[in-house]
file structure_9.tsv (TSV, C-alpha atoms)
chain	number	residue	atom	x	y	z
Q	916	MET	CA	28.74	12.72	12.61
Q	917	SER	CA	30.46	12.06	9.26
Q	918	ARG	CA	31.03	8.49	8.06
Q	919	ARG	CA	34.72	7.59	7.70
Q	920	LEU	CA	34.74	5.11	4.83
Q	921	PRO	CA	37.20	4.19	2.10
Q	922	ALA	CA	36.30	5.09	-1.47
Q	923	LEU	CA	33.11	3.41	-2.66
Q	924	TYR	CA	34.63	2.49	-6.02
Q	925	ALA	CA	37.47	0.69	-4.22
Q	926	LEU	CA	35.01	-1.27	-2.08
Q	927	ARG	CA	33.02	-2.14	-5.22
Q	928	ALA	CA	36.17	-3.37	-6.98
Q	929	PHE	CA	37.12	-5.58	-4.03
Q	930	GLU	CA	33.59	-6.99	-3.73
Q	931	ALA	CA	33.45	-7.88	-7.44
Q	932	ALA	CA	36.92	-9.42	-7.41
Q	933	ALA	CA	36.09	-11.46	-4.32
Q	934	ARG	CA	32.75	-12.61	-5.75
Q	935	HIS	CA	34.33	-13.72	-9.02
Q	936	ALA	CA	37.68	-14.78	-7.51
Q	937	SER	CA	39.16	-13.06	-10.54
Q	938	LEU	CA	40.45	-9.59	-11.34
Q	939	THR	CA	39.67	-10.11	-15.01
Q	940	ARG	CA	36.00	-11.02	-14.50
Q	941	ALA	CA	35.60	-8.22	-11.97
Q	942	ALA	CA	37.04	-5.80	-14.52
Q	943	GLU	CA	34.56	-7.01	-17.17
Q	944	GLU	CA	31.64	-6.48	-14.79
Q	945	LEU	CA	32.76	-2.99	-13.77
Q	946	ALA	CA	33.91	-1.90	-17.27
Q	947	LEU	CA	37.47	-1.36	-16.00
Q	948	THR	CA	40.83	-2.85	-16.79
Q	949	PRO	CA	42.22	-5.63	-14.53
Q	950	SER	CA	45.04	-3.23	-13.65
Q	951	ALA	CA	42.54	-0.63	-12.42
Q	952	VAL	CA	40.72	-3.21	-10.29
Q	953	SER	CA	44.06	-4.32	-8.84
Q	954	LYS	CA	44.97	-0.70	-7.96
Q	955	HIS	CA	41.62	-0.21	-6.20
Q	956	VAL	CA	42.18	-3.36	-4.15
Q	957	HIS	CA	45.72	-2.23	-3.27
Q	958	SER	CA	44.33	1.13	-2.12
Q	959	LEU	CA	41.95	-0.70	0.23
Q	960	GLU	CA	44.75	-2.84	1.59
Q	961	ALA	CA	46.74	0.33	2.27
Q	962	TYR	CA	43.69	1.90	3.95
Q	963	PHE	CA	43.11	-1.09	6.24
Q	964	GLY	CA	46.78	-1.96	6.68
Q	965	CYS	CA	46.32	-5.64	5.83
Q	966	ARG	CA	46.13	-8.01	2.88
Q	967	LEU	CA	42.65	-8.78	1.52
Q	968	PHE	CA	43.74	-11.46	-0.97
Q	969	GLN	CA	46.35	-14.18	-0.97
Q	970	ARG	CA	47.65	-14.30	-4.53
Q	971	GLN	CA	48.77	-17.63	-5.96
Q	972	GLY	CA	49.57	-17.06	-9.61
Q	973	ARG	CA	46.33	-16.07	-11.32
Q	974	GLN	CA	44.22	-17.48	-8.51
Q	975	LEU	CA	42.74	-15.08	-5.95
Q	976	GLN	CA	41.97	-16.38	-2.48
Q	977	LEU	CA	40.53	-14.23	0.26
Q	978	SER	CA	42.64	-13.64	3.30
Q	979	GLU	CA	41.10	-13.87	6.75
Q	980	ALA	CA	40.59	-10.09	6.69
Q	981	GLY	CA	38.99	-10.31	3.23
Q	982	ARG	CA	36.59	-13.03	4.38
Q	983	SER	CA	35.61	-10.83	7.31
Q	984	LEU	CA	34.96	-7.79	5.10
Q	985	LEU	CA	33.06	-9.44	2.24
Q	986	PRO	CA	29.66	-10.36	3.84
Q	987	GLY	CA	29.04	-6.82	5.04
Q	988	LEU	CA	29.87	-5.41	1.61
Q	989	ASN	CA	27.56	-7.94	-0.09
Q	990	GLN	CA	24.69	-6.84	2.15
Q	991	GLY	CA	25.54	-3.17	1.74
Q	992	PHE	CA	25.61	-3.25	-2.06
Q	993	ASP	CA	22.38	-5.31	-2.13
Q	994	ALA	CA	20.73	-2.62	0.01
Q	995	LEU	CA	22.04	0.15	-2.26
Q	996	GLU	CA	20.71	-1.63	-5.35
Q	997	GLN	CA	17.27	-2.05	-3.76
Q	998	ALA	CA	17.18	1.60	-2.67
Q	999	CYS	CA	18.09	2.79	-6.15
Q	1000	ALA	CA	15.69	0.37	-7.85
Q	1001	SER	CA	12.77	1.90	-5.96
Q	1002	LEU	CA	13.40	5.17	-7.84
Q	1003	GLN	CA	14.19	3.65	-11.22
Q	1004	VAL	CA	10.59	3.42	-12.36
Q	1005	ASP	CA	9.38	3.11	-15.91
Q	1006	GLU	CA	7.87	6.43	-16.99
Q	1007	ARG	CA	4.74	4.51	-17.99
Q	1008	GLU	CA	4.23	3.11	-14.49
Q	1009	LEU	CA	2.19	4.69	-11.71
Q	1010	ARG	CA	2.53	3.02	-8.32
Q	1011	LEU	CA	-0.69	3.21	-6.28
Q	1012	LYS	CA	-1.32	2.02	-2.72
Q	1013	ALA	CA	-4.83	1.42	-1.37
Q	1014	PRO	CA	-6.59	-0.61	1.36
Q	1015	PRO	CA	-8.17	-3.94	0.34
Q	1016	THR	CA	-11.88	-3.08	0.39
Q	1017	ILE	CA	-11.77	-0.04	-1.88
Q	1018	SER	CA	-9.29	-1.89	-4.09
Q	1019	MET	CA	-11.64	-4.83	-4.62
Q	1020	ARG	CA	-14.94	-2.94	-4.71
Q	1021	TRP	CA	-14.10	0.28	-6.53
Q	1022	LEU	CA	-10.58	0.64	-7.85
Q	1023	LEU	CA	-10.06	-2.65	-9.71
Q	1024	PRO	CA	-13.04	-2.25	-12.07
Q	1025	LEU	CA	-12.16	1.39	-12.68
Q	1026	LEU	CA	-8.49	0.66	-13.35
Q	1027	SER	CA	-9.49	-1.88	-15.97
Q	1028	THR	CA	-11.40	0.87	-17.77
Q	1029	PHE	CA	-8.56	3.35	-17.23
Q	1030	ARG	CA	-6.11	0.90	-18.81
Q	1031	ASN	CA	-8.26	0.75	-21.95
Q	1032	GLN	CA	-8.54	4.53	-22.12
Q	1033	GLU	CA	-4.91	5.23	-21.28
Q	1034	PRO	CA	-2.87	2.32	-22.72
Q	1035	ASP	CA	0.38	4.23	-22.25
Q	1036	ILE	CA	-0.05	4.28	-18.44
Q	1037	GLU	CA	0.31	1.15	-16.33
Q	1038	VAL	CA	-1.11	1.50	-12.80
Q	1039	LEU	CA	0.60	-0.88	-10.38
Q	1040	LEU	CA	-1.89	-1.32	-7.53
Q	1041	THR	CA	-0.66	-2.57	-4.15
Q	1042	SER	CA	-3.52	-3.51	-1.85
Q	1043	ALA	CA	-2.20	-3.35	1.68
Q	1044	TRP	CA	-3.99	-4.08	4.95
Q	1045	MET	CA	-3.55	-1.18	7.33
Q	1046	ALA	CA	-4.89	-0.82	10.86
Q	1047	ALA	CA	-5.18	2.87	9.98
Q	1048	ASP	CA	-4.77	3.99	6.40
Q	1049	ARG	CA	-1.37	5.58	5.89
Q	1050	VAL	CA	1.49	5.93	3.42
Q	1051	ASP	CA	5.07	7.14	3.82
Q	1052	PHE	CA	6.20	8.52	0.48
Q	1053	ASP	CA	9.75	8.94	1.80
Q	1054	ARG	CA	10.13	5.26	2.68
Q	1055	GLU	CA	7.60	3.43	0.49
Q	1056	PRO	CA	7.86	3.05	-3.31
Q	1057	PHE	CA	4.52	4.67	-4.21
Q	1058	ASP	CA	3.62	7.63	-6.40
Q	1059	CYS	CA	0.15	8.04	-4.89
Q	1060	ALA	CA	-2.34	6.37	-2.55
Q	1061	VAL	CA	-6.07	6.21	-1.88
Q	1062	LEU	CA	-6.65	6.50	1.85
Q	1063	LEU	CA	-9.68	6.64	4.15
Q	1064	ALA	CA	-8.68	9.59	6.29
Q	1065	GLU	CA	-9.47	13.12	7.39
Q	1066	PRO	CA	-7.52	16.37	7.13
Q	1067	PRO	CA	-5.10	17.83	7.93
Q	1068	PHE	CA	-2.56	16.13	5.70
Q	1069	PRO	CA	1.20	16.78	5.59
Q	1070	GLU	CA	2.05	20.12	4.00
Q	1071	ASP	CA	4.06	18.47	1.23
Q	1072	TRP	CA	1.08	16.33	0.12
Q	1073	GLN	CA	-1.68	17.13	-2.31
Q	1074	ALA	CA	-4.98	15.53	-1.26
Q	1075	THR	CA	-7.98	15.22	-3.59
Q	1076	LEU	CA	-11.34	14.36	-2.05
Q	1077	LEU	CA	-13.01	11.40	-3.77
Q	1078	PHE	CA	-16.07	10.58	-1.64
Q	1079	ALA	CA	-17.22	10.46	1.98
Q	1080	GLU	CA	-17.74	7.24	3.91
Q	1081	TRP	CA	-21.37	6.51	4.82
Q	1082	LEU	CA	-21.90	3.53	7.12
Q	1083	ILE	CA	-24.96	1.33	6.62
Q	1084	PRO	CA	-25.89	-2.26	7.62
Q	1085	VAL	CA	-25.85	-4.85	4.81
Q	1086	CYS	CA	-26.84	-8.49	4.57
Q	1087	ALA	CA	-27.97	-11.14	2.10
Q	1088	PRO	CA	-31.30	-10.24	0.38
Q	1089	SER	CA	-32.81	-13.51	1.63
Q	1090	LEU	CA	-32.52	-12.27	5.23
Q	1091	VAL	CA	-34.38	-9.00	4.69
Q	1092	GLY	CA	-37.80	-10.12	3.56
Q	1093	ALA	CA	-40.47	-7.88	2.12
Q	1094	ALA	CA	-40.11	-4.93	4.51
Q	1095	PRO	CA	-37.22	-3.15	6.27
Q	1096	TRP	CA	-36.35	-4.41	9.71
Q	1097	SER	CA	-37.18	-2.85	13.01
Q	1098	PRO	CA	-34.32	-2.09	15.44
Q	1099	GLY	CA	-35.51	-5.10	17.44
Q	1100	GLN	CA	-34.88	-7.44	14.52
Q	1101	LEU	CA	-31.40	-6.00	14.10
Q	1102	ARG	CA	-30.66	-6.46	17.78
Q	1103	VAL	CA	-31.19	-10.24	17.65
Q	1104	ALA	CA	-29.38	-10.70	14.31
Q	1105	ASN	CA	-25.84	-12.05	14.10
Q	1106	ARG	CA	-23.72	-8.94	13.70
Q	1107	LEU	CA	-20.47	-9.09	11.73
Q	1108	HIS	CA	-17.75	-6.68	12.86
Q	1109	PRO	CA	-15.20	-5.41	10.29
Q	1110	THR	CA	-12.82	-4.27	13.06
Q	1111	HIS	CA	-11.74	-5.68	16.42
Q	1112	ASP	CA	-12.73	-2.50	18.23
Q	1113	ARG	CA	-16.22	-2.64	16.60
Q	1114	ARG	CA	-15.99	1.08	15.90
Q	1115	ASP	CA	-18.06	0.97	12.69
Q	1116	TRP	CA	-21.08	-0.58	14.38
Q	1117	ARG	CA	-20.63	1.74	17.35
Q	1118	GLN	CA	-20.68	4.81	15.08
Q	1119	TRP	CA	-23.75	3.66	13.19
Q	1120	LEU	CA	-25.64	2.78	16.38
Q	1121	GLU	CA	-24.79	6.13	17.96
Q	1122	GLY	CA	-26.05	7.84	14.80
Q	1123	GLN	CA	-29.36	6.03	15.29
Q	1124	GLY	CA	-29.54	6.96	18.98
Q	1125	LEU	CA	-28.87	3.34	20.00
Q	1126	GLN	CA	-25.96	3.70	22.39
Q	1127	ASP	CA	-26.49	0.65	24.61
Q	1128	GLU	CA	-23.17	-1.25	24.66
Q	1129	SER	CA	-25.09	-4.54	24.69
Q	1130	TRP	CA	-25.63	-4.05	20.94
Q	1131	LEU	CA	-21.89	-4.58	20.41
Q	1132	ARG	CA	-21.58	-7.89	22.24
Q	1133	GLY	CA	-21.26	-11.17	20.42
Q	1134	GLY	CA	-21.09	-11.68	16.70
Q	1135	GLN	CA	-18.14	-12.48	14.45
Q	1136	VAL	CA	-15.10	-10.22	14.26
Q	1137	PHE	CA	-13.05	-9.83	11.03
Q	1138	ASP	CA	-9.79	-8.10	10.08
Q	1139	THR	CA	-11.17	-6.15	7.12
Q	1140	LEU	CA	-14.39	-4.60	5.88
Q	1141	GLU	CA	-14.12	-6.72	2.72
Q	1142	LEU	CA	-14.23	-9.98	4.69
Q	1143	ALA	CA	-17.21	-8.84	6.76
Q	1144	ILE	CA	-19.17	-7.71	3.68
Q	1145	THR	CA	-18.41	-10.99	1.88
Q	1146	ALA	CA	-19.63	-12.97	4.90
Q	1147	ALA	CA	-22.80	-10.86	4.96
Q	1148	ALA	CA	-23.46	-11.53	1.27
Q	1149	ARG	CA	-23.23	-15.26	1.97
Q	1150	GLY	CA	-25.92	-15.06	4.63
Q	1151	TYR	CA	-23.81	-15.31	7.80
Q	1152	GLY	CA	-25.22	-12.16	9.37
Q	1153	VAL	CA	-25.34	-8.38	9.10
Q	1154	SER	CA	-22.22	-6.29	8.55
Q	1155	ILE	CA	-21.61	-2.59	8.40
Q	1156	GLY	CA	-20.77	-1.52	4.86
Q	1157	ASP	CA	-19.79	1.65	3.04
Q	1158	LEU	CA	-22.65	3.03	0.94
Q	1159	VAL	CA	-20.48	3.68	-2.12
Q	1160	LEU	CA	-18.54	0.43	-1.91
Q	1161	VAL	CA	-21.64	-1.79	-1.65
Q	1162	ALA	CA	-23.75	0.10	-4.23
Q	1163	GLU	CA	-22.90	-2.25	-7.11
Q	1164	ASP	CA	-23.71	-5.38	-5.08
Q	1165	VAL	CA	-27.00	-3.86	-3.91
Q	1166	ALA	CA	-27.96	-2.98	-7.48
Q	1167	ALA	CA	-27.07	-6.53	-8.60
Q	1168	GLY	CA	-29.10	-8.14	-5.80
Q	1169	ARG	CA	-26.10	-9.62	-4.00
Q	1170	LEU	CA	-26.59	-7.43	-0.91
Q	1171	ALA	CA	-29.52	-5.65	0.69
Q	1172	PHE	CA	-30.14	-3.06	3.40
Q	1173	PRO	CA	-32.08	-4.36	6.42
Q	1174	LEU	CA	-32.50	-0.71	7.49
Q	1175	HIS	CA	-32.31	2.15	4.97
Q	1176	SER	CA	-30.37	4.59	7.14
Q	1177	ALA	CA	-26.74	5.61	6.56
Q	1178	VAL	CA	-24.52	7.49	9.02
Q	1179	ALA	CA	-21.53	9.65	8.09
Q	1180	SER	CA	-18.35	8.31	9.69
Q	1181	GLY	CA	-16.57	11.66	9.42
Q	1182	LEU	CA	-13.89	10.10	7.20
Q	1183	SER	CA	-13.53	10.31	3.43
Q	1184	TYR	CA	-11.51	8.65	0.71
Q	1185	TYR	CA	-8.75	10.84	-0.71
Q	1186	LEU	CA	-6.26	10.43	-3.51
Q	1187	VAL	CA	-2.99	11.67	-2.00
Q	1188	CYS	CA	0.45	12.18	-3.52
Q	1189	PRO	CA	3.59	14.23	-2.87
Q	1190	ARG	CA	2.91	17.81	-3.94
Q	1191	ALA	CA	6.11	17.79	-6.00
Q	1192	ARG	CA	4.69	15.01	-8.21
Q	1193	ALA	CA	1.08	16.16	-8.32
Q	1194	GLU	CA	1.21	17.63	-11.82
Q	1195	GLN	CA	2.96	14.72	-13.48
Q	1196	PRO	CA	0.83	13.96	-16.58
Q	1197	LYS	CA	0.21	10.31	-15.68
Q	1198	LEU	CA	-0.89	11.23	-12.15
Q	1199	ALA	CA	-3.03	14.14	-13.36
Q	1200	ARG	CA	-4.79	11.83	-15.83
Q	1201	LEU	CA	-5.53	9.23	-13.14
Q	1202	ARG	CA	-6.85	11.95	-10.83
Q	1203	ALA	CA	-9.16	13.34	-13.51
Q	1204	PHE	CA	-10.40	9.84	-14.34
Q	1205	LEU	CA	-11.22	9.00	-10.70
Q	1206	LEU	CA	-13.03	12.32	-10.20
Q	1207	GLN	CA	-15.07	11.63	-13.33
Q	1208	ALA	CA	-15.98	8.21	-11.93
Q	1209	VAL	CA	-17.06	9.80	-8.64
Q	1210	ALA	CA	-19.27	12.31	-10.48
Q	1211	ALA	CA	-20.98	9.41	-12.26
Q	1212	LEU	CA	-21.74	7.45	-9.08
Q	1213	GLU	CA	-25.33	6.24	-8.72
Q	1214	LEU	CA	-26.09	5.49	-5.09
Q	1215	PRO	CA	-29.07	3.66	-3.57
Q	1216	GLN	CA	-31.79	5.85	-2.10
Q	1217	VAL	CA	-31.41	5.81	1.67
Q	1218	GLU	CA	-31.88	8.20	4.58
Q	1219	VAL	CA	-28.57	9.83	5.50
Q	1220	ARG	CA	-27.59	11.20	8.90
Q	1221	GLY	CA	-24.57	13.48	9.10
call {"tool": "encode", "arguments": {"input": "structure_9.tsv", "output": "structure tokens"}}
result
Amino acid sequence: MSRRLPALYALRAFEAAARHASLTRAAEELALTPSAVSKHVHSLEAYFGCRLFQRQGRQLQLSEAGRSLLPGLNQGFDALEQACASLQVDERELRLKAPPTISMRWLLPLLSTFRNQEPDIEVLLTSAWMAADRVDFDREPFDCAVLLAEPPFPEDWQATLLFAEWLIPVCAPSLVGAAPWSPGQLRVANRLHPTHDRRDWRQWLEGQGLQDESWLRGGQVFDTLELAITAAARGYGVSIGDLVLVAEDVAAGRLAFPLHSAVASGLSYYLVCPRARAEQPKLARLRAFLLQAVAALELPQVEVRG
């Protein structure tokens, strides 16, 4: 169904004249002559069949009809400006969306290095909590995203595999002691759950052949993996972590593995972007940099179960 609207330039002229209460100031804003603004307003009045201004000399006062029309136009032009601004991006800028944990534990340090290597590219990172990692390139102002996901992806996306997620319990080094724990020690420990549905612990336990639901009872529940890992590092219990994302803290002695066994979650981290933008130089350079960082990863030695 087509929209039956008066000319946009006429609406814009009326909105500016009403906002300034002056044809002259409206003309200056719109780079028109006062006569042209006046003609646009007259065309609107003819379209609606009513007066939009009450003219008293040089003073403009809105009529009742004009006061009724103005708020909707203000909102409409604000929305148009915001919609257009989302596409008016500096060529140097690259807008990246990612979940909090990988942002804090992997992307932020890397982007600092990337900025030094590529000073002509500014990566604007938005760390957004998501119940399930997703991005809508048609509605959100991002050029690319790092998501924990699994194929298939939309046909108009390009997806580049970064690394797989391997789940493994983590805690403060002071809780571990000299030797790895037995399953019995883990069972009586305070378990920290990164998700309300406790799916990460459930996956790891199933990978170990420990499928008794009693393992999942109790403990502290968090909204994000980052919060659970931070609580574990402070000695509040044992959380599930991602092998790659905790590697630096393990190497630095801030975290330890009570059991040296990691389980594949079946998900992986991908850099995704619209296929139409995939070969933009700034995006191609970020992709190459992240893949180089992945190739240089040094992970702790643990048993892995696919």
call {"tool": "atom_distance", "arguments": {"input": "structure_9.tsv", "atom1": "atom CA of Q:Lys1197", "atom2": "atom CA of Q:Ala1046"}}
result
29.2 Å
call {"tool": "residues_around", "arguments": {"input": "structure_9.tsv", "residues": "Q:Gly1099", "least_positions_apart": "2", "cutoff": "12 Å", "atoms": "only C-alpha atoms", "output": "VMD selection string"}}
result
chain Q and resid 1095 to 1097 1101 to 1104 1125 1130 1173 to 1174
call {"tool": "closest_residue", "arguments": {"input": "structure_9.tsv", "among": "Q:Val952, Q:Val1209, Q:Ala946, Q:Leu985", "to": "Q:Ala933", "atoms": "all atoms listed in the file"}}
result
Q:Leu985
call {"tool": "closest_residue", "arguments": {"input": "structure_9.tsv", "among": "Q:Tyr1185, Q:Ala925, Q:Ala1166, Q:Glu944", "to": "Q:Pro1067", "atoms": "all atoms listed in the file"}}
result
Q:Tyr1185
call {"tool": "residues_near_point", "arguments": {"input": "structure_9.tsv", "point": "(36.8, -18.1, -1.3)", "cutoff": "10 Å", "atoms": "all atoms listed in the file", "output": "PyMOL selection string"}}
result
chain Q and resi 933-936+968+975-978+981-982
call {"tool": "write_last_selection", "arguments": {"input": "structure_9.tsv", "atoms": "C-alpha atoms", "output": "PDB file, keeping the file's coordinate frame"}}
result
ATOM      1  CA  ALA Q 933      36.090 -11.460  -4.320  1.00  0.00           C
ATOM      2  CA  ARG Q 934      32.750 -12.610  -5.750  1.00  0.00           C
ATOM      3  CA  HIS Q 935      34.330 -13.720  -9.020  1.00  0.00           C
ATOM      4  CA  ALA Q 936      37.680 -14.780  -7.510  1.00  0.00           C
ATOM      5  CA  PHE Q 968      43.740 -11.460  -0.970  1.00  0.00           C
ATOM      6  CA  LEU Q 975      42.740 -15.080  -5.950  1.00  0.00           C
ATOM      7  CA  GLN Q 976      41.970 -16.380  -2.480  1.00  0.00           C
ATOM      8  CA  LEU Q 977      40.530 -14.230   0.260  1.00  0.00           C
ATOM      9  CA  SER Q 978      42.640 -13.640   3.300  1.00  0.00           C
ATOM     10  CA  GLY Q 981      38.990 -10.310   3.230  1.00  0.00           C
ATOM     11  CA  ARG Q 982      36.590 -13.030   4.380  1.00  0.00           C
TER      12      ARG Q 982
END
call {"tool": "closest_atom_pairs", "arguments": {"input": "structure_9.tsv", "of": "stretch 1128-1202 of chain Q", "to": "stretch 1070-1087 of chain Q", "cutoff": "6 Å", "atoms": "all atoms listed in the file", "output": "CSV"}}
result
residue,atom,partner,partner_atom,distance
Q:Ala1147,CA,Q:Cys1086,CA,4.7
Q:Ala1148,CA,Q:Ala1087,CA,4.6
Q:Gly1150,CA,Q:Ala1087,CA,5.1
Q:Val1153,CA,Q:Cys1086,CA,4.8
Q:Ser1154,CA,Q:Val1085,CA,5.4
Q:Ile1155,CA,Q:Pro1084,CA,4.4
Q:Gly1156,CA,Q:Ile1083,CA,5.4
Q:Asp1157,CA,Q:Leu1082,CA,5.0
Q:Leu1158,CA,Q:Trp1081,CA,5.4
Q:Leu1170,CA,Q:Ala1087,CA,5.0
Q:Ala1171,CA,Q:Cys1086,CA,5.5
Q:Phe1172,CA,Q:Val1085,CA,4.9
Q:Ala1177,CA,Q:Ile1083,CA,4.6
Q:Val1178,CA,Q:Leu1082,CA,5.1
Q:Ala1179,CA,Q:Trp1081,CA,4.5
Q:Ser1180,CA,Q:Glu1080,CA,5.9
Q:Leu1182,CA,Q:Glu1080,CA,5.8
Q:Ser1183,CA,Q:Ala1079,CA,4.0
Q:Tyr1184,CA,Q:Leu1077,CA,5.5
Q:Tyr1185,CA,Q:Leu1076,CA,4.6
Q:Leu1186,CA,Q:Thr1075,CA,5.1
Q:Val1187,CA,Q:Ala1074,CA,4.4
Q:Cys1188,CA,Q:Gln1073,CA,5.5
Q:Pro1189,CA,Q:Trp1072,CA,4.4
Q:Arg1190,CA,Q:Trp1072,CA,4.7
call {"tool": "atom_distance", "arguments": {"input": "structure_9.tsv", "atom1": "atom CA of Q:Arg1106", "atom2": "atom CA of Q:Gly1133"}}
result
7.5 Å
call {"tool": "residues_around", "arguments": {"input": "structure_9.tsv", "residues": "Q:Ala932", "least_positions_apart": "2", "cutoff": "9 Å", "atoms": "only C-alpha atoms", "output": "PyMOL selection string"}}
result
chain Q and resi 927-930+934-942+952-953+956+975
